[in-house]
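Structure data follow from data.txt (compact mmCIF, N, CA and C atoms and all ligand atoms):
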```
# COMPACT_ATOMS: atom_id res chain seq x y z
N MET A 823 22.35 -2.22 -4.15
CA MET A 823 21.69 -2.71 -5.33
C MET A 823 20.41 -1.95 -5.63
N THR A 824 20.05 -1.09 -4.72
CA THR A 824 18.81 -0.35 -4.95
C THR A 824 19.06 1.12 -4.69
N SER A 825 18.32 1.93 -5.39
CA SER A 825 18.51 3.36 -5.23
C SER A 825 17.71 3.89 -4.05
N LEU A 826 16.92 3.04 -3.45
CA LEU A 826 16.12 3.51 -2.31
C LEU A 826 16.89 3.28 -1.02
N ARG A 827 17.33 4.36 -0.45
CA ARG A 827 18.16 4.24 0.73
C ARG A 827 17.46 3.52 1.88
N GLU A 828 16.19 3.75 1.99
CA GLU A 828 15.47 3.21 3.13
C GLU A 828 15.21 1.71 3.03
N SER A 829 15.41 1.16 1.86
CA SER A 829 14.92 -0.21 1.66
C SER A 829 15.68 -1.23 2.50
N ARG A 830 16.94 -0.92 2.84
CA ARG A 830 17.69 -1.90 3.62
C ARG A 830 17.04 -2.10 4.98
N GLU A 831 16.74 -0.99 5.59
CA GLU A 831 16.09 -1.06 6.90
C GLU A 831 14.70 -1.71 6.76
N GLY A 832 14.02 -1.42 5.67
CA GLY A 832 12.71 -2.00 5.45
C GLY A 832 12.78 -3.51 5.30
N ALA A 833 13.81 -3.99 4.62
CA ALA A 833 13.95 -5.43 4.39
C ALA A 833 14.12 -6.16 5.72
N GLU A 834 14.86 -5.54 6.61
CA GLU A 834 15.05 -6.17 7.91
C GLU A 834 13.73 -6.22 8.68
N ALA A 835 12.98 -5.14 8.54
CA ALA A 835 11.70 -5.07 9.25
C ALA A 835 10.77 -6.18 8.80
N LEU A 836 10.99 -6.66 7.57
CA LEU A 836 10.08 -7.67 7.04
C LEU A 836 10.56 -9.08 7.35
N ALA A 837 11.59 -9.20 8.17
CA ALA A 837 12.16 -10.52 8.42
C ALA A 837 11.16 -11.46 9.08
N GLU A 838 10.10 -10.90 9.61
CA GLU A 838 9.12 -11.76 10.27
C GLU A 838 8.51 -12.73 9.27
N ASP A 839 8.12 -13.85 9.76
CA ASP A 839 7.50 -14.87 8.91
C ASP A 839 6.03 -14.53 8.72
N PRO A 840 5.61 -14.31 7.47
CA PRO A 840 4.22 -13.91 7.24
C PRO A 840 3.21 -14.97 7.70
N SER A 841 3.67 -16.21 7.85
CA SER A 841 2.74 -17.27 8.25
C SER A 841 2.35 -17.15 9.72
N GLN A 842 3.01 -16.23 10.43
CA GLN A 842 2.66 -16.05 11.84
C GLN A 842 1.41 -15.20 12.03
N GLU A 843 0.83 -14.76 10.94
CA GLU A 843 -0.34 -13.91 11.07
C GLU A 843 -1.48 -14.64 11.76
N SER A 844 -2.30 -13.83 12.40
CA SER A 844 -3.39 -14.44 13.15
C SER A 844 -4.48 -14.98 12.23
N GLU A 845 -4.70 -14.32 11.12
CA GLU A 845 -5.77 -14.76 10.21
C GLU A 845 -5.25 -15.90 9.32
N THR A 846 -6.06 -16.90 9.17
CA THR A 846 -5.67 -17.97 8.26
C THR A 846 -6.09 -17.59 6.85
N ASP A 847 -5.58 -18.34 5.90
CA ASP A 847 -5.91 -18.09 4.51
C ASP A 847 -7.41 -18.17 4.28
N ALA A 848 -8.04 -19.15 4.91
CA ALA A 848 -9.49 -19.32 4.74
C ALA A 848 -10.24 -18.12 5.30
N GLU A 849 -9.74 -17.58 6.41
CA GLU A 849 -10.38 -16.40 6.99
C GLU A 849 -10.24 -15.19 6.08
N TRP A 850 -9.06 -15.06 5.49
CA TRP A 850 -8.86 -13.95 4.55
C TRP A 850 -9.81 -14.08 3.36
N ARG A 851 -9.93 -15.28 2.85
CA ARG A 851 -10.81 -15.50 1.70
C ARG A 851 -12.24 -15.13 2.04
N ALA A 852 -12.66 -15.43 3.26
CA ALA A 852 -14.03 -15.15 3.67
C ALA A 852 -14.23 -13.65 3.90
N GLN A 853 -13.18 -13.00 4.36
CA GLN A 853 -13.30 -11.59 4.75
C GLN A 853 -13.16 -10.63 3.57
N LEU A 854 -12.34 -10.98 2.60
CA LEU A 854 -12.02 -10.07 1.50
C LEU A 854 -12.81 -10.41 0.25
N THR A 855 -12.97 -9.42 -0.62
CA THR A 855 -13.53 -9.72 -1.93
C THR A 855 -12.45 -10.48 -2.71
N PRO A 856 -12.84 -11.21 -3.76
CA PRO A 856 -11.82 -11.95 -4.53
C PRO A 856 -10.71 -11.03 -5.05
N GLN A 857 -11.08 -9.81 -5.45
CA GLN A 857 -10.06 -8.89 -5.95
C GLN A 857 -9.12 -8.42 -4.85
N GLN A 858 -9.70 -8.11 -3.69
CA GLN A 858 -8.86 -7.72 -2.55
C GLN A 858 -7.95 -8.85 -2.15
N TYR A 859 -8.48 -10.06 -2.15
CA TYR A 859 -7.68 -11.22 -1.76
C TYR A 859 -6.51 -11.40 -2.71
N GLU A 860 -6.77 -11.27 -4.00
CA GLU A 860 -5.71 -11.48 -4.98
C GLU A 860 -4.58 -10.47 -4.80
N ILE A 861 -4.93 -9.23 -4.49
CA ILE A 861 -3.91 -8.20 -4.31
C ILE A 861 -3.21 -8.36 -2.96
N LEU A 862 -4.00 -8.35 -1.89
CA LEU A 862 -3.42 -8.33 -0.55
C LEU A 862 -2.68 -9.61 -0.20
N ARG A 863 -3.26 -10.75 -0.53
CA ARG A 863 -2.70 -12.02 -0.07
C ARG A 863 -1.89 -12.75 -1.13
N GLN A 864 -2.06 -12.38 -2.42
CA GLN A 864 -1.31 -13.06 -3.47
C GLN A 864 -0.49 -12.09 -4.30
N GLN A 865 -0.24 -10.91 -3.77
CA GLN A 865 0.60 -9.91 -4.42
C GLN A 865 0.12 -9.59 -5.82
N GLY A 866 -1.16 -9.56 -6.01
CA GLY A 866 -1.70 -9.23 -7.33
C GLY A 866 -1.62 -7.74 -7.59
N THR A 867 -1.95 -7.36 -8.81
CA THR A 867 -1.96 -5.95 -9.20
C THR A 867 -3.25 -5.67 -9.95
N GLU A 868 -3.93 -4.62 -9.54
CA GLU A 868 -5.17 -4.30 -10.23
C GLU A 868 -4.87 -3.68 -11.59
N ARG A 869 -5.87 -3.74 -12.48
CA ARG A 869 -5.75 -3.13 -13.79
C ARG A 869 -5.63 -1.62 -13.62
N PRO A 870 -4.68 -0.95 -14.30
CA PRO A 870 -4.54 0.50 -14.15
C PRO A 870 -5.85 1.20 -14.48
N GLY A 871 -6.17 2.21 -13.69
CA GLY A 871 -7.38 2.98 -13.93
C GLY A 871 -8.64 2.36 -13.38
N SER A 872 -8.53 1.20 -12.74
CA SER A 872 -9.73 0.50 -12.30
C SER A 872 -10.20 0.92 -10.91
N SER A 873 -9.35 1.55 -10.13
CA SER A 873 -9.74 1.85 -8.76
C SER A 873 -10.52 3.15 -8.65
N PRO A 874 -11.67 3.11 -7.98
CA PRO A 874 -12.42 4.36 -7.75
C PRO A 874 -11.64 5.34 -6.88
N LEU A 875 -10.67 4.86 -6.16
CA LEU A 875 -9.90 5.76 -5.29
C LEU A 875 -8.99 6.70 -6.08
N LEU A 876 -8.79 6.41 -7.37
CA LEU A 876 -8.00 7.30 -8.21
C LEU A 876 -8.58 8.70 -8.19
N ASN A 877 -9.91 8.77 -8.19
CA ASN A 877 -10.59 10.05 -8.25
C ASN A 877 -11.11 10.48 -6.89
N GLU A 878 -10.54 9.92 -5.85
CA GLU A 878 -10.91 10.32 -4.49
C GLU A 878 -10.07 11.52 -4.10
N HIS A 879 -10.71 12.68 -3.99
CA HIS A 879 -9.94 13.88 -3.68
C HIS A 879 -10.36 14.54 -2.38
N ARG A 880 -11.21 13.84 -1.61
CA ARG A 880 -11.59 14.42 -0.33
C ARG A 880 -10.46 14.25 0.68
N LYS A 881 -10.56 15.02 1.75
CA LYS A 881 -9.59 14.86 2.83
C LYS A 881 -9.94 13.61 3.63
N GLY A 882 -8.95 12.89 4.02
CA GLY A 882 -9.22 11.71 4.82
C GLY A 882 -8.01 10.80 4.87
N ILE A 883 -8.29 9.55 5.25
CA ILE A 883 -7.25 8.58 5.47
C ILE A 883 -7.50 7.34 4.61
N PHE A 884 -6.46 6.87 3.97
CA PHE A 884 -6.53 5.63 3.23
C PHE A 884 -5.99 4.52 4.13
N ALA A 885 -6.84 3.54 4.42
CA ALA A 885 -6.47 2.48 5.35
C ALA A 885 -6.36 1.14 4.62
N CYS A 886 -5.75 0.18 5.29
CA CYS A 886 -5.59 -1.16 4.74
C CYS A 886 -6.96 -1.84 4.59
N ALA A 887 -7.21 -2.42 3.41
CA ALA A 887 -8.48 -3.11 3.20
C ALA A 887 -8.53 -4.43 3.96
N GLY A 888 -7.38 -4.89 4.43
CA GLY A 888 -7.34 -6.14 5.18
C GLY A 888 -7.60 -5.95 6.65
N CYS A 889 -6.97 -4.94 7.26
CA CYS A 889 -7.06 -4.82 8.72
C CYS A 889 -7.43 -3.41 9.18
N ASP A 890 -7.65 -2.50 8.24
CA ASP A 890 -8.09 -1.15 8.53
C ASP A 890 -7.03 -0.29 9.22
N LEU A 891 -5.78 -0.69 9.16
CA LEU A 891 -4.72 0.16 9.71
C LEU A 891 -4.58 1.40 8.81
N PRO A 892 -4.59 2.61 9.39
CA PRO A 892 -4.39 3.81 8.56
C PRO A 892 -3.01 3.79 7.90
N LEU A 893 -2.97 4.00 6.58
CA LEU A 893 -1.71 3.87 5.84
C LEU A 893 -1.23 5.17 5.21
N PHE A 894 -2.17 5.90 4.60
CA PHE A 894 -1.78 7.13 3.90
C PHE A 894 -2.79 8.23 4.20
N SER A 895 -2.29 9.47 4.25
CA SER A 895 -3.16 10.63 4.37
C SER A 895 -3.44 11.18 2.98
N SER A 896 -4.64 11.73 2.81
CA SER A 896 -4.97 12.37 1.53
C SER A 896 -4.01 13.52 1.23
N GLU A 897 -3.38 14.05 2.25
CA GLU A 897 -2.44 15.16 2.07
C GLU A 897 -1.25 14.76 1.19
N THR A 898 -0.93 13.48 1.16
CA THR A 898 0.26 13.04 0.44
C THR A 898 -0.08 12.36 -0.88
N LYS A 899 -1.36 12.39 -1.26
CA LYS A 899 -1.79 11.78 -2.51
C LYS A 899 -1.50 12.74 -3.66
N PHE A 900 -1.07 12.21 -4.79
CA PHE A 900 -0.84 13.07 -5.96
C PHE A 900 -1.21 12.33 -7.24
N GLU A 901 -1.37 13.10 -8.31
CA GLU A 901 -1.74 12.52 -9.59
C GLU A 901 -0.47 12.08 -10.32
N SER A 902 -0.27 10.79 -10.38
CA SER A 902 0.95 10.28 -11.02
C SER A 902 0.74 10.00 -12.50
N GLY A 903 -0.52 9.88 -12.91
CA GLY A 903 -0.79 9.56 -14.31
C GLY A 903 -0.57 8.09 -14.65
N THR A 904 -0.32 7.26 -13.63
CA THR A 904 -0.04 5.84 -13.89
C THR A 904 -1.31 5.00 -13.94
N GLY A 905 -2.39 5.51 -13.39
CA GLY A 905 -3.60 4.70 -13.29
C GLY A 905 -3.72 3.99 -11.96
N TRP A 906 -2.76 4.22 -11.08
CA TRP A 906 -2.84 3.68 -9.72
C TRP A 906 -2.78 4.85 -8.72
N PRO A 907 -3.53 4.74 -7.63
CA PRO A 907 -3.44 5.78 -6.60
C PRO A 907 -2.00 5.91 -6.11
N SER A 908 -1.52 7.14 -6.05
CA SER A 908 -0.11 7.36 -5.72
C SER A 908 0.05 8.35 -4.59
N PHE A 909 1.02 8.07 -3.76
CA PHE A 909 1.30 8.89 -2.58
C PHE A 909 2.80 9.12 -2.51
N TYR A 910 3.21 10.25 -1.93
CA TYR A 910 4.66 10.45 -1.80
C TYR A 910 5.18 10.05 -0.43
N GLN A 911 4.28 9.71 0.48
CA GLN A 911 4.74 9.34 1.82
C GLN A 911 3.67 8.58 2.58
N PRO A 912 4.01 7.47 3.21
CA PRO A 912 3.03 6.77 4.05
C PRO A 912 2.98 7.39 5.44
N LEU A 913 1.97 7.03 6.21
CA LEU A 913 1.93 7.43 7.60
C LEU A 913 3.04 6.72 8.36
N GLU A 914 3.41 7.27 9.50
CA GLU A 914 4.50 6.70 10.28
C GLU A 914 4.17 5.28 10.75
N ASN A 915 5.14 4.38 10.61
CA ASN A 915 4.97 3.00 11.07
C ASN A 915 3.78 2.28 10.44
N ALA A 916 3.42 2.68 9.23
CA ALA A 916 2.24 2.08 8.61
C ALA A 916 2.60 0.94 7.67
N VAL A 917 3.67 1.10 6.93
CA VAL A 917 3.99 0.10 5.91
C VAL A 917 5.39 -0.49 6.11
N GLY A 918 5.58 -1.67 5.55
CA GLY A 918 6.88 -2.30 5.52
C GLY A 918 7.30 -2.47 4.07
N LYS A 919 8.59 -2.73 3.86
CA LYS A 919 9.12 -2.88 2.50
C LYS A 919 9.89 -4.17 2.37
N THR A 920 9.88 -4.72 1.18
CA THR A 920 10.73 -5.86 0.91
C THR A 920 11.14 -5.82 -0.55
N GLU A 921 12.26 -6.47 -0.86
CA GLU A 921 12.70 -6.51 -2.26
C GLU A 921 11.85 -7.49 -3.04
N ASP A 922 11.45 -7.07 -4.21
CA ASP A 922 10.64 -7.89 -5.10
C ASP A 922 11.40 -8.07 -6.40
N ARG A 923 11.81 -9.29 -6.69
CA ARG A 923 12.57 -9.55 -7.92
C ARG A 923 11.75 -10.26 -8.98
N THR A 924 10.44 -10.22 -8.84
CA THR A 924 9.60 -10.83 -9.87
C THR A 924 9.60 -9.97 -11.12
N LEU A 925 9.17 -10.54 -12.23
CA LEU A 925 9.07 -9.85 -13.51
C LEU A 925 10.43 -9.38 -14.01
N GLY A 926 11.51 -9.98 -13.51
CA GLY A 926 12.84 -9.67 -14.03
C GLY A 926 13.36 -8.30 -13.67
N MET A 927 12.79 -7.68 -12.66
CA MET A 927 13.32 -6.40 -12.21
C MET A 927 13.32 -6.34 -10.71
N LEU A 928 14.12 -5.42 -10.20
CA LEU A 928 14.17 -5.24 -8.77
C LEU A 928 13.26 -4.08 -8.39
N ARG A 929 12.22 -4.40 -7.64
CA ARG A 929 11.32 -3.35 -7.17
C ARG A 929 11.22 -3.47 -5.66
N THR A 930 10.73 -2.42 -5.04
CA THR A 930 10.52 -2.45 -3.60
C THR A 930 9.04 -2.59 -3.33
N GLU A 931 8.69 -3.73 -2.77
CA GLU A 931 7.30 -4.05 -2.48
C GLU A 931 6.88 -3.38 -1.18
N ILE A 932 5.63 -2.95 -1.14
CA ILE A 932 5.09 -2.27 0.05
C ILE A 932 3.93 -3.10 0.59
N HIS A 933 3.94 -3.31 1.89
CA HIS A 933 2.86 -4.08 2.50
C HIS A 933 2.46 -3.44 3.82
N CYS A 934 1.27 -3.81 4.26
CA CYS A 934 0.75 -3.32 5.53
C CYS A 934 1.58 -3.90 6.67
N ARG A 935 1.99 -3.01 7.57
CA ARG A 935 2.85 -3.44 8.66
C ARG A 935 2.11 -4.38 9.63
N ARG A 936 0.82 -4.23 9.73
CA ARG A 936 0.08 -5.01 10.71
C ARG A 936 -0.33 -6.39 10.18
N CYS A 937 -0.97 -6.43 9.01
CA CYS A 937 -1.48 -7.73 8.54
C CYS A 937 -0.61 -8.31 7.43
N GLY A 938 0.39 -7.56 6.96
CA GLY A 938 1.28 -8.09 5.94
C GLY A 938 0.69 -8.07 4.55
N GLY A 939 -0.50 -7.52 4.40
CA GLY A 939 -1.16 -7.50 3.09
C GLY A 939 -0.37 -6.68 2.08
N HIS A 940 -0.25 -7.21 0.86
CA HIS A 940 0.47 -6.51 -0.21
C HIS A 940 -0.33 -5.30 -0.67
N LEU A 941 0.36 -4.16 -0.82
CA LEU A 941 -0.34 -2.92 -1.19
C LEU A 941 0.09 -2.39 -2.55
N GLY A 942 1.35 -2.60 -2.90
CA GLY A 942 1.86 -2.04 -4.15
C GLY A 942 3.38 -1.97 -4.09
N HIS A 943 3.95 -0.98 -4.79
CA HIS A 943 5.40 -0.82 -4.82
C HIS A 943 5.75 0.65 -4.61
N VAL A 944 7.02 0.90 -4.25
CA VAL A 944 7.49 2.28 -4.15
C VAL A 944 8.62 2.49 -5.15
N PHE A 945 8.59 3.63 -5.82
CA PHE A 945 9.61 3.99 -6.81
C PHE A 945 10.20 5.34 -6.44
N ASP A 946 11.40 5.61 -6.95
CA ASP A 946 12.07 6.86 -6.54
C ASP A 946 11.92 7.98 -7.58
N ASP A 947 10.81 7.99 -8.27
CA ASP A 947 10.57 9.08 -9.24
C ASP A 947 9.36 9.93 -8.84
N GLY A 948 9.13 10.04 -7.55
CA GLY A 948 7.99 10.80 -7.06
C GLY A 948 8.31 12.27 -6.89
N PRO A 949 7.30 13.03 -6.46
CA PRO A 949 7.48 14.49 -6.29
C PRO A 949 8.13 14.83 -4.95
N LYS A 950 8.46 16.10 -4.79
CA LYS A 950 8.94 16.59 -3.51
C LYS A 950 7.81 16.48 -2.49
N PRO A 951 8.10 16.36 -1.20
CA PRO A 951 9.43 16.50 -0.60
C PRO A 951 10.22 15.19 -0.51
N THR A 952 9.60 14.06 -0.75
CA THR A 952 10.31 12.79 -0.53
C THR A 952 10.98 12.27 -1.79
N GLY A 953 10.46 12.64 -2.96
CA GLY A 953 10.97 12.09 -4.20
C GLY A 953 10.54 10.65 -4.42
N LEU A 954 9.62 10.19 -3.60
CA LEU A 954 9.16 8.81 -3.70
C LEU A 954 7.75 8.75 -4.28
N ARG A 955 7.48 7.66 -4.95
CA ARG A 955 6.13 7.43 -5.48
C ARG A 955 5.63 6.07 -4.99
N TYR A 956 4.74 6.12 -4.02
CA TYR A 956 4.12 4.90 -3.52
C TYR A 956 2.95 4.58 -4.45
N CYS A 957 3.16 3.58 -5.28
CA CYS A 957 2.21 3.21 -6.31
C CYS A 957 1.33 2.09 -5.74
N MET A 958 0.12 2.46 -5.34
CA MET A 958 -0.71 1.54 -4.56
C MET A 958 -1.85 0.94 -5.38
N ASP A 959 -2.24 -0.23 -5.01
CA ASP A 959 -3.44 -0.83 -5.57
C ASP A 959 -4.63 -0.27 -4.78
N GLY A 960 -5.52 0.40 -5.48
CA GLY A 960 -6.65 1.02 -4.80
C GLY A 960 -7.54 0.01 -4.10
N PHE A 961 -7.60 -1.20 -4.64
CA PHE A 961 -8.46 -2.21 -4.02
C PHE A 961 -7.83 -2.81 -2.76
N ALA A 962 -6.59 -2.45 -2.48
CA ALA A 962 -5.97 -2.86 -1.22
C ALA A 962 -6.22 -1.83 -0.13
N LEU A 963 -6.90 -0.74 -0.51
CA LEU A 963 -7.13 0.37 0.41
C LEU A 963 -8.62 0.62 0.60
N VAL A 964 -8.95 1.17 1.73
CA VAL A 964 -10.30 1.70 1.95
C VAL A 964 -10.15 3.15 2.39
N PHE A 965 -11.03 4.01 1.90
CA PHE A 965 -10.94 5.44 2.21
C PHE A 965 -11.90 5.82 3.32
N HIS A 966 -11.39 6.53 4.30
CA HIS A 966 -12.22 7.06 5.38
C HIS A 966 -12.19 8.59 5.30
N PRO A 967 -13.28 9.20 4.84
CA PRO A 967 -13.30 10.66 4.75
C PRO A 967 -13.13 11.29 6.13
N ALA A 968 -12.43 12.40 6.16
CA ALA A 968 -12.28 13.12 7.43
C ALA A 968 -13.64 13.63 7.86
N THR A 969 -13.94 13.46 9.11
CA THR A 969 -15.23 13.94 9.60
C THR A 969 -15.13 15.43 9.86
N PRO A 970 -16.14 16.20 9.46
CA PRO A 970 -16.11 17.63 9.73
C PRO A 970 -15.95 17.87 11.22
N SER A 971 -15.10 18.79 11.59
CA SER A 971 -14.83 18.99 13.01
C SER A 971 -16.08 19.48 13.72
N ALA A 972 -16.38 18.85 14.82
CA ALA A 972 -17.56 19.23 15.59
C ALA A 972 -17.28 20.48 16.38
N THR A 973 -18.29 21.24 16.59
CA THR A 973 -18.08 22.47 17.34
C THR A 973 -18.46 22.31 18.80
ZN ZN B 1 -3.39 -4.51 7.02
```
Representation of the structure as structure tokens:
Amino acid sequence: MTSLRESREGAEALAEDPSQESETDAEWRAQLTPQQYEILRQQGTERPGSSPLLNEHRKGIFACAGCDLPLFSSETKFESGTGWPSFYQPLENAVGKTEDRTLGMLRTEIHCRRCGGHLGHVFDDGPKPTGLRYCMDGFALVFHPATPSAT
């Protein structure tokens, strides 16, 4: 039912019950900004063009705003023109996928593998080499610039 070959395996990976998370809802509310909370914990979507990370072009790592797990490398970021930070590939074992049938369409939802926080969706119209477009909410991410290598 989906053109994303990987999604079947991803759906199984998400079989865990999200309520088993260590952080309670109240803890998330205290820890996150209201905007981060709406995206990460309530599957919200930021307004296109609103994330400062859209124009983040330094080398570094984009991590989960909920638990700081590294999710994407700047190496895989590209300009999609959608108004959301876009990547063609996540870091290994960083994200999970699940089917999202809201809004009357079938999309593949992407979430942080560690804290389960909602990050965005993946579509199959991305650039090479993967052909995937991970369309992320910038407010679900925090950027850590690569530190200049010490001598
Ligand atoms: Zn996380």
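Compared by their closest atoms to Pro912 in chain A, and using only N, CA and C atoms, the residues A:Gly960, A:Gly926, A:Pro970, A:Pro892 rank with A:Pro892 nearest.
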Neighbouring residues of ligand ZN 1 (chain B) are defined here as those with any atom at most 6 Å from a ligand atom, counting all atoms listed in the file; list them as a ChimeraX atom specification. /A:886-891,934-939
Polymer residues at most 8 Å from Gly866 in chain A, only N, CA and C atoms, same-chain spacing of 4 or more positions, as a list in words: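 Using only N, CA and C atoms, the neighbours found are Gln857, Gln858, Tyr859, Glu860, Ile861, Leu862, His940, Leu941, Gly942 and Asp959 of chain A.
For the pair CA of Thr904 in chain A and CA of His879 in chain A, the interatomic distance is 16.3 Å.
Neighbours of Pro870 in chain A closer than or equal to 12 Å, with only C-alpha atoms counted and sequence neighbours fewer than 6 positions away skipped, come out as Leu876, Ser902, Gly903, Thr904, Gly905, Trp906, Pro907, Ser908, Cys957, Met958, Asp959, Gly960 and Phe961 of chain A.
Taking CA of Ile883 in chain A and CA of Phe909 in chain A as the two end points, the separation is 11.7 Å.
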In Å to one decimal, how far is atom C of His943 in chain A from atom C of Trp850 in chain A?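 Atom C of His943 in chain A lies 22.9 Å from atom C of Trp850 in chain A.
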